[in-house]
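One structure is given here, and the rest of the page talks about it.
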Amino acid sequence: MPKQVDYEERRRRIAEAVCLLIARSGMESVSLRDVAAEARVSMGAVQRCFRTKDEMLLFALEDISQRVGERARARIETSDAPRSAATLLDRTLSALALVDTEDREQAQVWGAFVAHAAVSGQLAAVLRETYAELHELLVWLLGYGKDTGELSPALDPSAEARALLALTEGLTAQVLVGHQTPESAREVLGRYVRGLMA
């Protein structure tokens with residue numbers, strides 16, 4: 001009986017290989033041949049899953065975008081009591097900023113995709129959708145903080161969510177290049193959140 005191939009699993013494996021190559025050597029290191037070698041599959045297997053390199057990159061970005069969103073939501077769902085808005089914001093923002101040492105590889109990949117999206121409409125569309133979803137998550141968190149009375153009643157959740165997304169993105173880049181340390185980046189986030197308190 002022929003062996004059944006789980007194409008979704010293979011596509012995810014190939015996406016992981018793409019991300020490993022980007023983290024190791026940058027976006028320019030991604031070729032179908034190198035991805036096949038990294039994923040330990042044949043060139044034909046890669047080409048059956050993805051017709052072009054752009055299609056493969058798009059899938060990899062969608063995959064990493066989903067994981068970033070899942071990380072942020074998981075920080076909320078697994079938060080211990082008390083579920084204070086400040087604690088939830090702190091945990092969520094640190095997940096989004098990718099500043100922890102164990103996040104470095106994912107931050108490198110994210111940064112490479114953001115840079116590449118400046119010249120790729122398809123990648124930019126995925127990032128816009130991801131940012132919109134993260135914005136909505138932060139709007140909900142900030143609204144929760146207003147409802148509990150922890151955050152200033154004058155706070156505009158939508159405007160603050162935009163500022164926080166920009167702040168986390170900037171901190172990711174600054175930690176990657178060594179301008180900030182993970183600790184100083186977390187302190188910046190904490191100071192900003194404390195400034196939102198009622």
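Chain labels follow the order of the structure tokens: the first chain is A, the next B, and so on; residue numbering restarts at 1 in every chain, and ligands are counted from 1 in their shown order.
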
If we count only C-alpha atoms, what is near Glu150 (chain A) at a cut-off of 9 Å, once residues fewer than 2 positions away on the same chain are taken out, given as a PDB file with all heavy atoms, in the first residue's frame?
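selection-v4.pdb was written with the following content:
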```
ATOM      1  N   SER A  84      -5.245  40.898  36.692  1.00  0.00           N
ATOM      2  CA  SER A  84      -5.204  42.356  36.592  1.00  0.00           C
ATOM      3  C   SER A  84      -4.855  42.750  35.169  1.00  0.00           C
ATOM      4  O   SER A  84      -4.120  42.052  34.464  1.00  0.00           O
ATOM      5  CB  SER A  84      -4.181  42.936  37.568  1.00  0.00           C
ATOM      6  OG  SER A  84      -2.870  42.735  37.075  1.00  0.00           O
ATOM      7  N   ALA A  85      -5.390  43.882  34.747  1.00  0.00           N
ATOM      8  CA  ALA A  85      -5.117  44.377  33.397  1.00  0.00           C
ATOM      9  C   ALA A  85      -3.634  44.633  33.215  1.00  0.00           C
ATOM     10  O   ALA A  85      -3.066  44.345  32.158  1.00  0.00           O
ATOM     11  CB  ALA A  85      -5.922  45.643  33.142  1.00  0.00           C
ATOM     12  N   ALA A  86      -2.970  45.154  34.251  1.00  0.00           N
ATOM     13  CA  ALA A  86      -1.537  45.449  34.151  1.00  0.00           C
ATOM     14  C   ALA A  86      -0.738  44.174  33.908  1.00  0.00           C
ATOM     15  O   ALA A  86       0.153  44.141  33.056  1.00  0.00           O
ATOM     16  CB  ALA A  86      -1.060  46.143  35.425  1.00  0.00           C
ATOM     17  N   TYR A 144     -10.679  46.152  28.810  1.00  0.00           N
ATOM     18  CA  TYR A 144     -10.830  45.395  30.055  1.00  0.00           C
ATOM     19  C   TYR A 144     -10.250  46.191  31.223  1.00  0.00           C
ATOM     20  O   TYR A 144     -10.862  46.284  32.299  1.00  0.00           O
ATOM     21  CB  TYR A 144     -10.129  44.040  29.909  1.00  0.00           C
ATOM     22  CG  TYR A 144     -10.030  43.233  31.176  1.00  0.00           C
ATOM     23  CD1 TYR A 144     -11.144  42.585  31.707  1.00  0.00           C
ATOM     24  CD2 TYR A 144      -8.813  43.101  31.854  1.00  0.00           C
ATOM     25  CE1 TYR A 144     -11.053  41.830  32.867  1.00  0.00           C
ATOM     26  CE2 TYR A 144      -8.715  42.354  33.012  1.00  0.00           C
ATOM     27  CZ  TYR A 144      -9.832  41.724  33.522  1.00  0.00           C
ATOM     28  OH  TYR A 144      -9.734  40.988  34.676  1.00  0.00           O
ATOM     29  N   GLY A 145      -9.080  46.786  31.002  1.00  0.00           N
ATOM     30  CA  GLY A 145      -8.458  47.603  32.056  1.00  0.00           C
ATOM     31  C   GLY A 145      -9.293  48.809  32.426  1.00  0.00           C
ATOM     32  O   GLY A 145      -9.364  49.193  33.596  1.00  0.00           O
ATOM     33  N   LYS A 146      -9.943  49.418  31.435  1.00  0.00           N
ATOM     34  CA  LYS A 146     -10.836  50.541  31.739  1.00  0.00           C
ATOM     35  C   LYS A 146     -12.048  50.060  32.538  1.00  0.00           C
ATOM     36  O   LYS A 146     -12.462  50.708  33.497  1.00  0.00           O
ATOM     37  CB  LYS A 146     -11.304  51.211  30.440  1.00  0.00           C
ATOM     38  CG  LYS A 146     -10.294  52.138  29.806  1.00  0.00           C
ATOM     39  CD  LYS A 146     -10.848  52.806  28.555  1.00  0.00           C
ATOM     40  CE  LYS A 146     -11.873  53.859  28.890  1.00  0.00           C
ATOM     41  NZ  LYS A 146     -12.240  54.679  27.704  1.00  0.00           N
ATOM     42  N   ASP A 147     -12.595  48.892  32.131  1.00  0.00           N
ATOM     43  CA  ASP A 147     -13.774  48.355  32.810  1.00  0.00           C
ATOM     44  C   ASP A 147     -13.485  48.011  34.270  1.00  0.00           C
ATOM     45  O   ASP A 147     -14.362  48.158  35.134  1.00  0.00           O
ATOM     46  CB  ASP A 147     -14.299  47.108  32.094  1.00  0.00           C
ATOM     47  CG  ASP A 147     -14.896  47.429  30.729  1.00  0.00           C
ATOM     48  OD1 ASP A 147     -15.172  48.620  30.453  1.00  0.00           O
ATOM     49  OD2 ASP A 147     -15.068  46.482  29.928  1.00  0.00           O
ATOM     50  N   THR A 148     -12.276  47.528  34.554  1.00  0.00           N
ATOM     51  CA  THR A 148     -11.932  47.173  35.934  1.00  0.00           C
ATOM     52  C   THR A 148     -11.503  48.387  36.754  1.00  0.00           C
ATOM     53  O   THR A 148     -11.290  48.280  37.958  1.00  0.00           O
ATOM     54  CB  THR A 148     -10.789  46.131  35.969  1.00  0.00           C
ATOM     55  OG1 THR A 148      -9.615  46.698  35.393  1.00  0.00           O
ATOM     56  CG2 THR A 148     -11.189  44.846  35.252  1.00  0.00           C
ATOM     57  N   SER A 152      -6.805  54.470  33.098  1.00  0.00           N
ATOM     58  CA  SER A 152      -7.442  55.780  33.100  1.00  0.00           C
ATOM     59  C   SER A 152      -8.740  55.765  32.303  1.00  0.00           C
ATOM     60  O   SER A 152      -8.779  55.237  31.185  1.00  0.00           O
ATOM     61  CB  SER A 152      -6.475  56.805  32.488  1.00  0.00           C
ATOM     62  OG  SER A 152      -7.148  57.996  32.201  1.00  0.00           O
ATOM     63  N   PRO A 153      -9.810  56.351  32.840  1.00  0.00           N
ATOM     64  CA  PRO A 153     -11.078  56.386  32.111  1.00  0.00           C
ATOM     65  C   PRO A 153     -10.986  57.219  30.833  1.00  0.00           C
ATOM     66  O   PRO A 153     -11.791  57.050  29.916  1.00  0.00           O
ATOM     67  CB  PRO A 153     -12.066  56.998  33.114  1.00  0.00           C
ATOM     68  CG  PRO A 153     -11.249  57.618  34.187  1.00  0.00           C
ATOM     69  CD  PRO A 153      -9.914  56.936  34.188  1.00  0.00           C
ATOM     70  N   LEU A 196      -0.285  54.207  31.905  1.00  0.00           N
ATOM     71  CA  LEU A 196      -1.696  54.107  31.515  1.00  0.00           C
ATOM     72  C   LEU A 196      -2.625  53.904  32.703  1.00  0.00           C
ATOM     73  O   LEU A 196      -3.850  53.978  32.567  1.00  0.00           O
ATOM     74  CB  LEU A 196      -1.892  52.934  30.539  1.00  0.00           C
ATOM     75  CG  LEU A 196      -1.105  52.947  29.244  1.00  0.00           C
ATOM     76  CD1 LEU A 196      -1.366  51.668  28.453  1.00  0.00           C
ATOM     77  CD2 LEU A 196      -1.460  54.176  28.404  1.00  0.00           C
ATOM     78  N   MET A 197      -2.029  53.637  33.858  1.00  0.00           N
ATOM     79  CA  MET A 197      -2.843  53.322  35.031  1.00  0.00           C
ATOM     80  C   MET A 197      -3.638  54.528  35.514  1.00  0.00           C
ATOM     81  O   MET A 197      -3.197  55.665  35.384  1.00  0.00           O
ATOM     82  CB  MET A 197      -1.950  52.813  36.181  1.00  0.00           C
ATOM     83  CG  MET A 197      -1.229  51.522  35.894  1.00  0.00           C
ATOM     84  SD  MET A 197      -2.339  50.108  35.753  1.00  0.00           S
ATOM     85  CE  MET A 197      -1.862  49.465  34.168  1.00  0.00           C
ATOM     86  N   ALA A 198      -4.803  54.235  36.077  1.00  0.00           N
ATOM     87  CA  ALA A 198      -5.689  55.307  36.578  1.00  0.00           C
ATOM     88  C   ALA A 198      -5.057  56.001  37.774  1.00  0.00           C
ATOM     89  O   ALA A 198      -4.320  55.405  38.526  1.00  0.00           O
ATOM     90  CB  ALA A 198      -7.038  54.713  36.966  1.00  0.00           C
TER      91      ALA A 198
END
```

For this session: Determine, counting only C-alpha atoms, which protein, DNA and RNA residues have an atom within 12 Å of an atom of region 114-119 of chain A; residues of the same chain fewer than 2 positions away are not included. Present the result as a ChimeraX atom specification.
Result: /A:22,26-28,54,57-58,61,64-65,107-112,121-128,130-131,169-170,172-173

Take the selection from the previous step and output its residues with N, CA, C and O atoms, as a short mmCIF file (atom, residue, chain, number, x, y, z; two decimals), in the first residue's frame.
```
data_model
loop_
_atom_site.label_atom_id
_atom_site.label_comp_id
_atom_site.auth_asym_id
_atom_site.auth_seq_id
_atom_site.Cartn_x
_atom_site.Cartn_y
_atom_site.Cartn_z
N ILE A 22 16.23 31.50 7.46
CA ILE A 22 16.20 32.96 7.61
C ILE A 22 16.91 33.38 8.89
O ILE A 22 17.71 34.32 8.89
N GLY A 26 19.55 34.87 6.91
CA GLY A 26 18.81 35.93 6.26
C GLY A 26 17.92 35.43 5.13
O GLY A 26 18.03 34.29 4.68
N MET A 27 17.06 36.33 4.66
CA MET A 27 16.08 35.99 3.63
C MET A 27 16.73 35.52 2.34
O MET A 27 16.21 34.66 1.65
N GLU A 28 17.90 36.09 2.02
CA GLU A 28 18.55 35.72 0.76
C GLU A 28 19.04 34.28 0.75
O GLU A 28 19.35 33.73 -0.30
N ASP A 54 7.92 32.43 -3.72
CA ASP A 54 7.04 33.42 -3.10
C ASP A 54 5.88 32.76 -2.36
O ASP A 54 5.50 33.19 -1.27
N LEU A 57 7.28 31.39 0.86
CA LEU A 57 7.53 32.46 1.83
C LEU A 57 6.21 32.96 2.43
O LEU A 57 6.13 33.22 3.64
N LEU A 58 5.20 33.07 1.59
CA LEU A 58 3.90 33.53 2.06
C LEU A 58 3.34 32.57 3.11
O LEU A 58 2.86 32.99 4.17
N LEU A 61 5.26 32.96 6.38
CA LEU A 61 4.87 34.15 7.12
C LEU A 61 3.50 33.96 7.77
O LEU A 61 3.31 34.36 8.92
N ILE A 64 4.13 31.87 10.89
CA ILE A 64 4.75 32.57 12.01
C ILE A 64 3.81 33.64 12.57
O ILE A 64 3.76 33.87 13.79
N SER A 65 3.02 34.27 11.71
CA SER A 65 2.04 35.26 12.18
C SER A 65 1.02 34.61 13.11
O SER A 65 0.67 35.16 14.15
N ALA A 107 12.30 36.40 16.48
CA ALA A 107 12.41 37.84 16.22
C ALA A 107 13.21 38.10 14.95
O ALA A 107 12.87 39.00 14.16
N GLN A 108 14.27 37.33 14.72
CA GLN A 108 15.07 37.49 13.50
C GLN A 108 14.22 37.21 12.26
O GLN A 108 14.28 37.94 11.27
N VAL A 109 13.44 36.16 12.33
CA VAL A 109 12.59 35.78 11.20
C VAL A 109 11.52 36.85 10.97
O VAL A 109 11.28 37.28 9.84
N TRP A 110 10.89 37.28 12.05
CA TRP A 110 9.85 38.31 11.95
C TRP A 110 10.43 39.58 11.30
O TRP A 110 9.84 40.15 10.37
N GLY A 111 11.60 40.02 11.78
CA GLY A 111 12.23 41.21 11.23
C GLY A 111 12.55 41.08 9.75
O GLY A 111 12.37 42.03 8.97
N ALA A 112 13.01 39.91 9.34
CA ALA A 112 13.32 39.68 7.93
C ALA A 112 12.06 39.76 7.08
O ALA A 112 12.05 40.35 5.99
N GLY A 121 3.87 42.94 -2.02
CA GLY A 121 2.48 43.23 -1.66
C GLY A 121 1.80 42.08 -0.94
O GLY A 121 1.01 42.29 -0.02
N GLN A 122 2.12 40.83 -1.34
CA GLN A 122 1.49 39.67 -0.70
C GLN A 122 1.92 39.55 0.76
O GLN A 122 1.08 39.30 1.63
N LEU A 123 3.21 39.70 1.03
CA LEU A 123 3.67 39.62 2.41
C LEU A 123 3.12 40.79 3.22
O LEU A 123 2.72 40.61 4.39
N ALA A 124 3.07 41.97 2.63
CA ALA A 124 2.53 43.14 3.33
C ALA A 124 1.07 42.91 3.71
O ALA A 124 0.64 43.29 4.81
N ALA A 125 0.31 42.26 2.85
CA ALA A 125 -1.10 41.99 3.14
C ALA A 125 -1.24 41.08 4.35
O ALA A 125 -2.11 41.29 5.21
N VAL A 126 -0.39 40.06 4.44
CA VAL A 126 -0.43 39.15 5.60
C VAL A 126 -0.08 39.92 6.87
O VAL A 126 -0.74 39.78 7.91
N LEU A 127 0.94 40.78 6.80
CA LEU A 127 1.33 41.54 7.99
C LEU A 127 0.24 42.53 8.39
O LEU A 127 -0.02 42.69 9.59
N ARG A 128 -0.41 43.16 7.43
CA ARG A 128 -1.50 44.08 7.78
C ARG A 128 -2.61 43.34 8.52
O ARG A 128 -3.14 43.84 9.52
N THR A 130 -2.26 40.56 10.26
CA THR A 130 -1.73 40.18 11.57
C THR A 130 -1.75 41.37 12.52
O THR A 130 -2.19 41.25 13.67
N TYR A 131 -1.27 42.52 12.05
CA TYR A 131 -1.28 43.71 12.90
C TYR A 131 -2.71 44.09 13.30
O TYR A 131 -2.95 44.51 14.43
N GLU A 169 7.08 46.58 18.26
CA GLU A 169 7.83 46.32 17.02
C GLU A 169 9.21 46.99 17.08
O GLU A 169 10.22 46.40 16.70
N GLY A 170 9.24 48.22 17.56
CA GLY A 170 10.52 48.93 17.66
C GLY A 170 11.46 48.27 18.65
O GLY A 170 12.67 48.17 18.41
N THR A 172 11.53 45.12 19.45
CA THR A 172 12.02 43.87 18.85
C THR A 172 13.29 44.17 18.05
O THR A 172 14.31 43.49 18.21
N ALA A 173 13.23 45.18 17.19
CA ALA A 173 14.38 45.53 16.35
C ALA A 173 15.55 46.01 17.20
O ALA A 173 16.71 45.62 16.95
#
```

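Between CA of Ala97 (chain A) and CA of Gln174 (chain A) lies a distance of 10.2 Å.
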
Seminar exercise, completed: Across A:Ser29, A:Thr181, A:Gln66, A:Ser158, the smallest distance to Lys53 (chain A), with only C-alpha atoms counted, is shown by A:Ser29

For this session: Write out as JSON, numbers by chain each polymer residue whose atoms come within 9 Å of Leu32 (chain A), counting only C-alpha atoms; drop sequence neighbours fewer than 4 positions from it.
Result: {"A": [36, 37, 43, 46, 47, 52, 53, 56]}

Exercise. Please, what distance in Å, to one decimal, runs between CA of Tyr192 (chain A) and CA of Leu98 (chain A)?
Worked result: 16.8 Å

Exercise. Quick one: DSSP alpha helix (DSSP H) residues in region 4-198 of chain A, as a VMD selection string?
Worked result: chain A and resid 7 to 25 32 to 39 43 to 49 53 to 77 85 to 97 104 to 117 121 to 148 157 to 176 182 to 195

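Candidate residues A:Arg10, A:Arg91, A:Arg67, A:Arg73 were compared for distance to Trp140 (chain A), and the nearest is A:Arg73, using only C-alpha atoms.
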